[in-house]
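Shown here: target.txt, compact mmCIF, N, CA and C atoms.
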```txt
# COMPACT_ATOMS: atom_id res chain seq x y z
N MET T 285 -17.81 -48.71 220.86
CA MET T 285 -16.82 -49.74 221.00
C MET T 285 -16.12 -50.03 219.68
N ASN T 286 -16.84 -49.93 218.63
CA ASN T 286 -16.30 -50.19 217.32
C ASN T 286 -15.18 -49.19 216.99
N PHE T 287 -15.32 -47.95 217.44
CA PHE T 287 -14.31 -46.92 217.20
C PHE T 287 -13.01 -47.28 217.92
N ARG T 288 -13.08 -47.83 219.14
CA ARG T 288 -11.87 -48.22 219.90
C ARG T 288 -11.13 -49.34 219.20
N LYS T 289 -11.85 -50.31 218.64
CA LYS T 289 -11.21 -51.41 217.93
C LYS T 289 -10.48 -50.90 216.68
N ILE T 290 -11.11 -49.98 215.99
CA ILE T 290 -10.49 -49.42 214.78
C ILE T 290 -9.24 -48.64 215.15
N ARG T 291 -9.30 -47.90 216.25
CA ARG T 291 -8.16 -47.11 216.70
C ARG T 291 -6.99 -48.02 217.13
N ALA T 292 -7.29 -49.11 217.83
CA ALA T 292 -6.26 -50.06 218.25
C ALA T 292 -5.64 -50.74 217.03
N PHE T 293 -6.50 -51.11 216.05
CA PHE T 293 -6.01 -51.74 214.84
C PHE T 293 -5.09 -50.78 214.06
N ALA T 294 -5.43 -49.51 214.00
CA ALA T 294 -4.61 -48.51 213.31
C ALA T 294 -3.27 -48.34 214.02
N ALA T 295 -3.27 -48.38 215.35
CA ALA T 295 -2.02 -48.25 216.11
C ALA T 295 -1.09 -49.43 215.84
N VAL T 296 -1.67 -50.64 215.81
CA VAL T 296 -0.88 -51.84 215.53
C VAL T 296 -0.34 -51.79 214.12
N LEU T 297 -1.15 -51.36 213.17
CA LEU T 297 -0.73 -51.26 211.78
C LEU T 297 0.39 -50.24 211.61
N THR T 298 0.29 -49.11 212.29
CA THR T 298 1.32 -48.08 212.24
C THR T 298 2.63 -48.60 212.82
N ALA T 299 2.56 -49.28 213.96
CA ALA T 299 3.76 -49.83 214.61
C ALA T 299 4.42 -50.86 213.71
N THR T 300 3.63 -51.72 213.09
CA THR T 300 4.18 -52.75 212.20
C THR T 300 4.84 -52.11 210.99
N ALA T 301 4.22 -51.09 210.43
CA ALA T 301 4.79 -50.42 209.26
C ALA T 301 6.11 -49.74 209.62
N SER T 302 6.18 -49.12 210.80
CA SER T 302 7.41 -48.43 211.18
C SER T 302 8.53 -49.43 211.43
N VAL T 303 8.21 -50.61 211.97
CA VAL T 303 9.22 -51.65 212.19
C VAL T 303 9.73 -52.16 210.84
N MET T 304 8.84 -52.37 209.89
CA MET T 304 9.24 -52.88 208.59
C MET T 304 10.09 -51.86 207.84
N VAL T 305 9.73 -50.60 207.92
CA VAL T 305 10.51 -49.55 207.25
C VAL T 305 11.87 -49.42 207.91
N GLY T 306 11.92 -49.51 209.26
CA GLY T 306 13.19 -49.41 209.98
C GLY T 306 14.08 -50.59 209.70
N SER T 307 13.51 -51.78 209.56
CA SER T 307 14.33 -52.96 209.31
C SER T 307 14.82 -53.02 207.88
N ALA T 308 14.20 -52.26 206.98
CA ALA T 308 14.67 -52.24 205.60
C ALA T 308 16.06 -51.62 205.54
N GLY T 309 16.33 -50.66 206.40
CA GLY T 309 17.66 -50.06 206.45
C GLY T 309 18.67 -51.02 207.04
N LEU T 310 18.24 -51.97 207.87
CA LEU T 310 19.15 -52.94 208.48
C LEU T 310 19.40 -54.14 207.59
N ALA T 311 18.68 -54.25 206.50
CA ALA T 311 18.80 -55.41 205.64
C ALA T 311 20.10 -55.42 204.84
N ASN T 312 20.85 -54.32 204.82
CA ASN T 312 22.10 -54.25 204.08
C ASN T 312 23.15 -55.10 204.80
N PRO T 313 23.55 -56.26 204.23
CA PRO T 313 24.48 -57.15 204.92
C PRO T 313 25.94 -56.71 204.84
N VAL T 314 26.27 -55.74 204.01
CA VAL T 314 27.66 -55.30 203.84
C VAL T 314 27.99 -54.29 204.93
N PRO T 315 28.94 -54.62 205.82
CA PRO T 315 29.31 -53.67 206.87
C PRO T 315 30.09 -52.51 206.29
N VAL T 316 29.96 -51.38 206.91
CA VAL T 316 30.68 -50.19 206.47
C VAL T 316 31.95 -50.09 207.29
N PRO T 317 33.13 -50.05 206.65
CA PRO T 317 34.37 -49.96 207.42
C PRO T 317 34.49 -48.61 208.11
N PRO T 318 35.21 -48.55 209.24
CA PRO T 318 35.37 -47.27 209.92
C PRO T 318 36.24 -46.33 209.09
N ALA T 319 36.20 -45.07 209.45
CA ALA T 319 37.01 -44.08 208.74
C ALA T 319 38.48 -44.46 208.85
N THR T 320 39.27 -44.00 207.91
CA THR T 320 40.69 -44.34 207.88
C THR T 320 41.34 -43.97 209.20
N GLY T 321 42.01 -44.96 209.82
CA GLY T 321 42.69 -44.71 211.08
C GLY T 321 41.81 -44.90 212.29
N GLY T 322 40.51 -44.84 212.11
CA GLY T 322 39.60 -45.01 213.23
C GLY T 322 39.80 -43.95 214.29
N ASP T 323 39.58 -44.31 215.55
CA ASP T 323 39.73 -43.34 216.63
C ASP T 323 41.07 -43.48 217.33
N ILE T 324 41.97 -44.36 216.84
CA ILE T 324 43.28 -44.53 217.44
C ILE T 324 44.28 -43.70 216.65
N PRO T 325 45.01 -42.80 217.31
CA PRO T 325 45.98 -41.97 216.58
C PRO T 325 47.12 -42.81 216.01
N ALA T 326 47.73 -42.31 214.96
CA ALA T 326 48.81 -43.04 214.28
C ALA T 326 50.03 -43.22 215.18
N ASN T 327 50.29 -42.28 216.07
CA ASN T 327 51.46 -42.35 216.94
C ASN T 327 51.08 -42.74 218.37
N PHE T 328 50.20 -43.72 218.51
CA PHE T 328 49.72 -44.15 219.82
C PHE T 328 50.80 -44.94 220.56
N ASN T 329 51.09 -44.54 221.79
CA ASN T 329 52.03 -45.25 222.66
C ASN T 329 51.34 -45.56 223.98
N ILE T 330 51.53 -46.79 224.46
CA ILE T 330 50.96 -47.17 225.74
C ILE T 330 51.78 -46.52 226.84
N ALA T 331 51.12 -45.87 227.77
CA ALA T 331 51.80 -45.21 228.88
C ALA T 331 52.36 -46.26 229.83
N THR T 332 53.66 -46.18 230.09
CA THR T 332 54.31 -47.15 230.99
C THR T 332 54.97 -46.46 232.18
N GLU T 333 54.69 -45.19 232.40
CA GLU T 333 55.31 -44.48 233.51
C GLU T 333 54.90 -45.06 234.86
N ALA T 334 53.69 -45.59 234.97
CA ALA T 334 53.19 -46.12 236.24
C ALA T 334 53.64 -47.56 236.49
N ASP T 335 54.23 -48.21 235.48
CA ASP T 335 54.69 -49.59 235.65
C ASP T 335 55.82 -49.63 236.67
N ASP T 336 55.89 -50.73 237.43
CA ASP T 336 56.98 -50.88 238.39
C ASP T 336 58.10 -51.74 237.82
N TYR T 337 58.14 -51.89 236.50
CA TYR T 337 59.17 -52.68 235.85
C TYR T 337 59.46 -52.13 234.45
N ILE T 338 60.60 -52.53 233.91
CA ILE T 338 60.97 -52.22 232.53
C ILE T 338 61.06 -53.55 231.80
N LYS T 339 60.40 -53.66 230.66
CA LYS T 339 60.42 -54.90 229.88
C LYS T 339 61.24 -54.66 228.63
N ARG T 340 62.24 -55.53 228.43
CA ARG T 340 63.08 -55.46 227.23
C ARG T 340 62.91 -56.74 226.44
N ASP T 341 62.69 -56.59 225.16
CA ASP T 341 62.54 -57.72 224.25
C ASP T 341 63.72 -57.65 223.29
N VAL T 342 64.72 -58.54 223.47
CA VAL T 342 65.97 -58.44 222.72
C VAL T 342 66.34 -59.78 222.10
N MET T 343 67.28 -59.73 221.16
CA MET T 343 67.86 -60.93 220.56
C MET T 343 69.31 -61.02 221.05
N ILE T 344 69.64 -62.07 221.80
CA ILE T 344 70.98 -62.23 222.38
C ILE T 344 71.80 -63.16 221.48
N PRO T 345 72.98 -62.70 221.00
CA PRO T 345 73.81 -63.55 220.14
C PRO T 345 74.55 -64.62 220.96
N MET T 346 74.60 -65.83 220.43
CA MET T 346 75.34 -66.94 221.03
C MET T 346 76.68 -67.07 220.30
N ARG T 347 77.54 -67.94 220.80
CA ARG T 347 78.88 -68.11 220.21
C ARG T 347 78.84 -68.66 218.79
N ASP T 348 77.79 -69.40 218.46
CA ASP T 348 77.73 -70.02 217.13
C ASP T 348 76.93 -69.20 216.12
N SER T 349 76.84 -67.91 216.34
CA SER T 349 76.19 -66.96 215.42
C SER T 349 74.68 -67.11 215.34
N VAL T 350 74.06 -67.59 216.39
CA VAL T 350 72.61 -67.68 216.44
C VAL T 350 72.13 -66.70 217.50
N LYS T 351 71.11 -65.93 217.17
CA LYS T 351 70.52 -65.00 218.15
C LYS T 351 69.28 -65.65 218.75
N LEU T 352 69.19 -65.66 220.07
CA LEU T 352 68.03 -66.24 220.75
C LEU T 352 67.16 -65.13 221.30
N HIS T 353 65.86 -65.28 221.09
CA HIS T 353 64.88 -64.31 221.57
C HIS T 353 64.86 -64.34 223.10
N THR T 354 64.97 -63.16 223.72
CA THR T 354 65.05 -63.06 225.17
C THR T 354 64.17 -61.91 225.65
N VAL T 355 63.44 -62.15 226.73
CA VAL T 355 62.62 -61.12 227.35
C VAL T 355 63.17 -60.90 228.76
N ILE T 356 63.43 -59.62 229.10
CA ILE T 356 64.01 -59.28 230.39
C ILE T 356 63.03 -58.37 231.13
N ILE T 357 62.69 -58.75 232.36
CA ILE T 357 61.83 -57.93 233.23
C ILE T 357 62.71 -57.38 234.34
N ILE T 358 62.90 -56.06 234.35
CA ILE T 358 63.79 -55.41 235.32
C ILE T 358 62.95 -54.54 236.24
N PRO T 359 63.06 -54.71 237.57
CA PRO T 359 62.35 -53.82 238.48
C PRO T 359 62.89 -52.39 238.32
N LYS T 360 62.00 -51.40 238.33
CA LYS T 360 62.45 -50.02 238.21
C LYS T 360 63.31 -49.67 239.41
N GLY T 361 64.43 -49.01 239.15
CA GLY T 361 65.34 -48.60 240.21
C GLY T 361 66.28 -49.71 240.65
N ALA T 362 66.32 -50.84 239.93
CA ALA T 362 67.18 -51.95 240.32
C ALA T 362 68.64 -51.60 240.06
N ALA T 363 69.48 -51.84 241.05
CA ALA T 363 70.92 -51.64 240.91
C ALA T 363 71.60 -52.84 241.56
N GLN T 364 72.40 -53.56 240.80
CA GLN T 364 73.10 -54.75 241.26
C GLN T 364 72.12 -55.78 241.84
N ALA T 365 71.02 -55.98 241.13
CA ALA T 365 69.99 -56.93 241.58
C ALA T 365 70.34 -58.33 241.11
N PRO T 366 69.96 -59.36 241.86
CA PRO T 366 70.18 -60.74 241.39
C PRO T 366 69.29 -61.03 240.18
N MET T 367 69.67 -62.08 239.42
CA MET T 367 68.97 -62.38 238.19
C MET T 367 68.63 -63.86 238.13
N ILE T 368 67.45 -64.17 237.61
CA ILE T 368 67.03 -65.55 237.36
C ILE T 368 66.92 -65.71 235.85
N LEU T 369 67.61 -66.72 235.29
CA LEU T 369 67.54 -67.00 233.86
C LEU T 369 66.76 -68.30 233.67
N ASP T 370 65.75 -68.25 232.82
CA ASP T 370 64.96 -69.43 232.51
C ASP T 370 64.93 -69.59 231.00
N ARG T 371 65.36 -70.75 230.53
CA ARG T 371 65.29 -71.04 229.10
C ARG T 371 64.07 -71.92 228.88
N THR T 372 63.27 -71.55 227.91
CA THR T 372 62.01 -72.24 227.70
C THR T 372 61.86 -72.71 226.25
N PRO T 373 61.31 -73.91 226.04
CA PRO T 373 61.03 -74.34 224.68
C PRO T 373 59.74 -73.72 224.14
N TYR T 374 59.04 -73.04 225.00
CA TYR T 374 57.80 -72.36 224.61
C TYR T 374 58.13 -70.92 224.29
N ASN T 375 57.16 -70.12 224.03
CA ASN T 375 57.37 -68.73 223.64
C ASN T 375 57.67 -67.88 224.87
N ALA T 376 58.81 -67.19 224.87
CA ALA T 376 59.18 -66.34 226.00
C ALA T 376 58.20 -65.18 226.17
N ASN T 377 57.60 -64.71 225.08
CA ASN T 377 56.61 -63.63 225.20
C ASN T 377 55.39 -64.08 225.98
N LYS T 378 54.92 -65.31 225.74
CA LYS T 378 53.77 -65.82 226.48
C LYS T 378 54.10 -65.98 227.96
N PHE T 379 55.34 -66.33 228.24
CA PHE T 379 55.78 -66.52 229.62
C PHE T 379 55.72 -65.23 230.41
N THR T 380 55.99 -64.12 229.74
CA THR T 380 56.07 -62.83 230.42
C THR T 380 54.86 -61.94 230.19
N THR T 381 53.77 -62.51 229.71
CA THR T 381 52.55 -61.72 229.51
C THR T 381 51.35 -62.48 230.05
N SER T 382 51.41 -62.89 231.31
CA SER T 382 50.27 -63.58 231.91
C SER T 382 49.05 -62.67 231.93
N SER T 383 49.28 -61.38 232.17
CA SER T 383 48.21 -60.39 232.12
C SER T 383 48.83 -59.05 231.73
N ASP T 384 47.98 -58.12 231.35
CA ASP T 384 48.44 -56.78 231.00
C ASP T 384 48.32 -55.93 232.24
N SER T 385 49.41 -55.75 232.95
CA SER T 385 49.36 -55.08 234.24
C SER T 385 50.59 -54.18 234.42
N PRO T 386 50.46 -53.10 235.19
CA PRO T 386 51.63 -52.28 235.50
C PRO T 386 52.49 -52.90 236.61
N ARG T 387 52.04 -54.00 237.20
CA ARG T 387 52.79 -54.66 238.29
C ARG T 387 53.51 -55.88 237.75
N ARG T 388 54.82 -55.95 238.01
CA ARG T 388 55.63 -57.05 237.47
C ARG T 388 55.21 -58.40 238.03
N ALA T 389 54.72 -58.46 239.25
CA ALA T 389 54.31 -59.74 239.84
C ALA T 389 53.10 -60.32 239.12
N LEU T 390 52.28 -59.48 238.51
CA LEU T 390 51.08 -59.96 237.81
C LEU T 390 51.35 -60.30 236.35
N VAL T 391 52.47 -59.82 235.81
CA VAL T 391 52.82 -60.10 234.43
C VAL T 391 53.44 -61.50 234.30
N LEU T 392 54.09 -61.94 235.37
CA LEU T 392 54.83 -63.21 235.35
C LEU T 392 54.01 -64.33 235.98
N PRO T 393 54.41 -65.60 235.74
CA PRO T 393 53.79 -66.70 236.47
C PRO T 393 54.02 -66.54 237.98
N LEU T 394 53.22 -67.21 238.78
CA LEU T 394 53.18 -66.99 240.22
C LEU T 394 54.56 -67.08 240.89
N SER T 395 55.30 -68.15 240.66
CA SER T 395 56.59 -68.31 241.35
C SER T 395 57.58 -67.22 240.94
N TYR T 396 57.58 -66.83 239.68
CA TYR T 396 58.47 -65.77 239.23
C TYR T 396 57.98 -64.40 239.69
N GLY T 397 56.68 -64.26 239.85
CA GLY T 397 56.14 -63.02 240.39
C GLY T 397 56.64 -62.75 241.79
N GLU T 398 56.74 -63.81 242.59
CA GLU T 398 57.26 -63.65 243.95
C GLU T 398 58.73 -63.26 243.93
N LEU T 399 59.50 -63.86 243.01
CA LEU T 399 60.91 -63.48 242.88
C LEU T 399 61.04 -62.03 242.40
N ALA T 400 60.17 -61.63 241.49
CA ALA T 400 60.20 -60.25 240.98
C ALA T 400 59.89 -59.27 242.10
N GLU T 401 58.93 -59.61 242.95
CA GLU T 401 58.59 -58.75 244.08
C GLU T 401 59.75 -58.66 245.07
N ALA T 402 60.58 -59.70 245.12
CA ALA T 402 61.75 -59.70 246.01
C ALA T 402 62.92 -58.92 245.40
N GLY T 403 62.75 -58.41 244.18
CA GLY T 403 63.77 -57.56 243.56
C GLY T 403 64.62 -58.25 242.52
N TYR T 404 64.30 -59.48 242.14
CA TYR T 404 65.08 -60.19 241.14
C TYR T 404 64.77 -59.68 239.74
N ILE T 405 65.78 -59.71 238.87
CA ILE T 405 65.60 -59.47 237.45
C ILE T 405 65.24 -60.82 236.84
N ILE T 406 64.15 -60.87 236.08
CA ILE T 406 63.69 -62.12 235.47
C ILE T 406 64.05 -62.10 233.99
N VAL T 407 64.80 -63.12 233.56
CA VAL T 407 65.22 -63.23 232.16
C VAL T 407 64.66 -64.55 231.62
N VAL T 408 63.90 -64.48 230.54
CA VAL T 408 63.33 -65.67 229.91
C VAL T 408 63.83 -65.71 228.48
N GLN T 409 64.41 -66.87 228.10
CA GLN T 409 65.03 -66.99 226.79
C GLN T 409 64.49 -68.22 226.07
N ASP T 410 64.16 -68.06 224.80
CA ASP T 410 63.75 -69.20 223.98
C ASP T 410 64.97 -70.07 223.70
N VAL T 411 64.79 -71.38 223.70
CA VAL T 411 65.89 -72.31 223.42
C VAL T 411 66.10 -72.43 221.93
N ARG T 412 67.17 -73.09 221.55
CA ARG T 412 67.45 -73.34 220.13
C ARG T 412 66.35 -74.23 219.57
N GLY T 413 66.11 -74.05 218.29
CA GLY T 413 65.07 -74.84 217.65
C GLY T 413 63.71 -74.18 217.70
N ASN T 414 63.57 -73.14 218.50
CA ASN T 414 62.32 -72.39 218.54
C ASN T 414 62.29 -71.47 217.33
N THR T 415 61.14 -71.06 216.92
CA THR T 415 61.01 -70.21 215.72
C THR T 415 61.50 -68.79 215.96
N ASN T 416 61.68 -68.38 217.22
CA ASN T 416 62.09 -67.01 217.52
C ASN T 416 63.61 -66.91 217.64
N ARG T 417 64.32 -67.32 216.62
CA ARG T 417 65.77 -67.19 216.62
C ARG T 417 66.22 -66.80 215.20
N LYS T 418 67.39 -66.22 215.11
CA LYS T 418 67.91 -65.80 213.81
C LYS T 418 69.39 -66.11 213.74
N ALA T 419 69.85 -66.48 212.56
CA ALA T 419 71.29 -66.64 212.33
C ALA T 419 71.86 -65.28 211.97
N ILE T 420 73.00 -64.97 212.55
CA ILE T 420 73.65 -63.69 212.28
C ILE T 420 74.33 -63.78 210.92
N THR T 421 74.05 -62.84 210.06
CA THR T 421 74.72 -62.79 208.76
C THR T 421 75.67 -61.61 208.77
N SER T 422 76.96 -61.93 208.70
CA SER T 422 77.94 -60.83 208.73
C SER T 422 78.81 -60.81 207.51
```
Represent the structure of the file as structure tokens.
Amino acid sequence: MNFRKIRAFAAVLTATASVMVGSAGLANPVPVPPATGGDIPANFNIATEADDYIKRDVMIPMRDSVKLHTVIIIPKGAAQAPMILDRTPYNANKFTTSSDSPRRALVLPLSYGELAEAGYIIVVQDVRGNTNRKAITS
């Protein structure tokens, strides 16, 4: 019986030593940065061929030489489609990015998603005084 106790004690001691030696390598608190560029290629483009809409992010000039940030969601294949214009004091980008989806109805808020499904072009524009505007310098 004495031999079994010694053998069990040796197994516990070996396991404890291996844990302590293994954790010594983990004690380094400085993280190692990934290789330059990581696993994302430098010319990475998100595939949008499957999307059922085209999204345009443009600056529209006004009569008083101020450009307003505008986001346009156009259904693919739209020709002479009706358009809804919404001016918002909030960020037009947030308005048109409810989720990251290839479906235009899921990108927009619910009421506008229904209009988009009906074939409407959705235009969202930041109002004056928002940070997303520029004065035209000519």
**Request:** Grab the CA of Lys351 in chain T to CA of Gly413 in chain T distance for me, in Å with one decimal place.
**Result:**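 These atoms are spaced 11.3 Å apart.
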**Item:** Interatomic distance, CA of Tyr374 in chain T to atom N of Ile356 in chain T (Å, one decimal)
**Value:** 14.6 Å
**Coordinates-based distance that separates atom C of Asn375 in chain T from atom N of Met343 in chain T (Å, one decimal)** =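 Going from atom N of Met343 in chain T over to atom C of Asn375 in chain T covers 13.1 Å.
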**Message:** Just want the 6 Å neighbourhood of range 359-373 of chain T, counted on only N, CA and C atoms, with same-chain residues fewer than 6 positions away dropped. Output as a list of chain:residue names.
**Reply:** T:Asp336, T:Tyr337, T:Ile338, T:Gly403, T:Tyr404, T:Ile405, T:Ile406, T:Val407, T:Val408, T:Gln409, T:Asp410, T:Val411
**Proximity to Arg387 in chain T - best of T:Asp335, T:Asp348, T:Asp341, T:Thr298, only C-alpha atoms** =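 So, comparing all the options, the nearest one is T:Asp335.
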Using the chain letters and numbers from this document, which residues of range 325-390 of chain T does DSSP assign to helix (DSSP H, G or I), as a short mmCIF file (atom, residue, chain, number, x, y, z; two decimals) with N, CA and C atoms, keeping the file's coordinate frame?
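Okay, this is what ended up in selection35.cif:
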```cif
data_model
loop_
_atom_site.label_atom_id
_atom_site.label_comp_id
_atom_site.auth_asym_id
_atom_site.auth_seq_id
_atom_site.Cartn_x
_atom_site.Cartn_y
_atom_site.Cartn_z
N ALA T 376 58.81 -67.19 224.87
CA ALA T 376 59.18 -66.34 226.00
C ALA T 376 58.20 -65.18 226.17
N ASN T 377 57.60 -64.71 225.08
CA ASN T 377 56.61 -63.63 225.20
C ASN T 377 55.39 -64.08 225.98
N LYS T 378 54.92 -65.31 225.74
CA LYS T 378 53.77 -65.82 226.48
C LYS T 378 54.10 -65.98 227.96
N PHE T 379 55.34 -66.33 228.24
CA PHE T 379 55.78 -66.52 229.62
C PHE T 379 55.72 -65.23 230.41
N ARG T 388 54.82 -55.95 238.01
CA ARG T 388 55.63 -57.05 237.47
C ARG T 388 55.21 -58.40 238.03
N ALA T 389 54.72 -58.46 239.25
CA ALA T 389 54.31 -59.74 239.84
C ALA T 389 53.10 -60.32 239.12
N LEU T 390 52.28 -59.48 238.51
CA LEU T 390 51.08 -59.96 237.81
C LEU T 390 51.35 -60.30 236.35
#
```
**Message:** Write out as JSON, numbers by chain the set of residues from range 350-387 of chain T that DSSP, computed on the backbone, places in strand (DSSP E).
**Reply:** {"T": [350, 351, 352, 353, 354, 355, 356, 357, 358, 359, 367, 368, 369, 370, 371, 372]}
**Exercise: Ile344 in chain T partners within 8 Å, only C-alpha atoms, chain neighbours under 2 positions left out, as a VMD selection string** = chain T and resid 342 346 351 to 354
Quick one: range 288-297 of chain T with all heavy atoms, as a compact mmCIF listing (two decimals), in the first residue's frame?
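Just written: selection_39.txt:
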```
# COMPACT_ATOMS: atom_id res chain seq x y z
N ARG T 288 1.75 2.41 -3.51
CA ARG T 288 0.67 3.10 -4.24
C ARG T 288 0.59 4.57 -3.83
O ARG T 288 0.36 5.44 -4.66
CB ARG T 288 -0.66 2.42 -3.98
CG ARG T 288 -0.77 1.10 -4.69
CD ARG T 288 -2.13 0.53 -4.50
NE ARG T 288 -2.18 -0.80 -5.08
CZ ARG T 288 -3.16 -1.63 -4.96
NH1 ARG T 288 -4.23 -1.28 -4.25
NH2 ARG T 288 -3.14 -2.81 -5.52
N LYS T 289 0.76 4.86 -2.54
CA LYS T 289 0.71 6.24 -2.08
C LYS T 289 1.88 7.05 -2.66
O LYS T 289 1.72 8.19 -3.06
CB LYS T 289 0.76 6.29 -0.55
CG LYS T 289 -0.52 5.88 0.11
CD LYS T 289 -0.39 5.99 1.60
CE LYS T 289 -1.66 5.52 2.30
NZ LYS T 289 -1.55 5.61 3.75
N ILE T 290 3.04 6.42 -2.71
CA ILE T 290 4.21 7.11 -3.26
C ILE T 290 4.01 7.38 -4.74
O ILE T 290 4.33 8.45 -5.26
CB ILE T 290 5.49 6.28 -3.00
CG1 ILE T 290 5.80 6.25 -1.50
CG2 ILE T 290 6.67 6.85 -3.78
CD1 ILE T 290 6.93 5.34 -1.12
N ARG T 291 3.43 6.41 -5.45
CA ARG T 291 3.19 6.56 -6.88
C ARG T 291 2.16 7.67 -7.15
O ARG T 291 2.33 8.49 -8.05
CB ARG T 291 2.68 5.22 -7.43
CG ARG T 291 3.08 4.96 -8.83
CD ARG T 291 2.86 3.53 -9.17
NE ARG T 291 2.04 3.48 -10.36
CZ ARG T 291 1.49 2.43 -10.87
NH1 ARG T 291 1.62 1.28 -10.25
NH2 ARG T 291 0.83 2.48 -11.97
N ALA T 292 1.10 7.74 -6.36
CA ALA T 292 0.08 8.78 -6.50
C ALA T 292 0.68 10.15 -6.20
O ALA T 292 0.40 11.14 -6.90
CB ALA T 292 -1.10 8.50 -5.59
N PHE T 293 1.52 10.21 -5.14
CA PHE T 293 2.17 11.47 -4.78
C PHE T 293 3.10 11.94 -5.91
O PHE T 293 3.14 13.12 -6.24
CB PHE T 293 2.94 11.32 -3.47
CG PHE T 293 3.66 12.56 -3.07
CD1 PHE T 293 2.96 13.68 -2.61
CD2 PHE T 293 5.05 12.64 -3.16
CE1 PHE T 293 3.62 14.83 -2.25
CE2 PHE T 293 5.71 13.79 -2.80
CZ PHE T 293 5.00 14.89 -2.34
N ALA T 294 3.82 11.03 -6.54
CA ALA T 294 4.72 11.37 -7.64
C ALA T 294 3.92 11.87 -8.84
O ALA T 294 4.34 12.82 -9.53
CB ALA T 294 5.55 10.15 -8.02
N ALA T 295 2.76 11.27 -9.10
CA ALA T 295 1.92 11.71 -10.22
C ALA T 295 1.40 13.13 -10.00
O ALA T 295 1.41 13.97 -10.90
CB ALA T 295 0.77 10.74 -10.42
N VAL T 296 0.97 13.41 -8.75
CA VAL T 296 0.48 14.75 -8.42
C VAL T 296 1.61 15.76 -8.52
O VAL T 296 1.45 16.86 -9.04
CB VAL T 296 -0.16 14.76 -7.01
CG1 VAL T 296 -0.42 16.18 -6.53
CG2 VAL T 296 -1.43 13.94 -6.99
N LEU T 297 2.79 15.40 -8.05
CA LEU T 297 3.95 16.29 -8.10
C LEU T 297 4.35 16.57 -9.55
O LEU T 297 4.65 17.72 -9.90
CB LEU T 297 5.12 15.65 -7.34
CG LEU T 297 6.35 16.52 -7.14
CD1 LEU T 297 5.99 17.75 -6.33
CD2 LEU T 297 7.43 15.74 -6.44
```
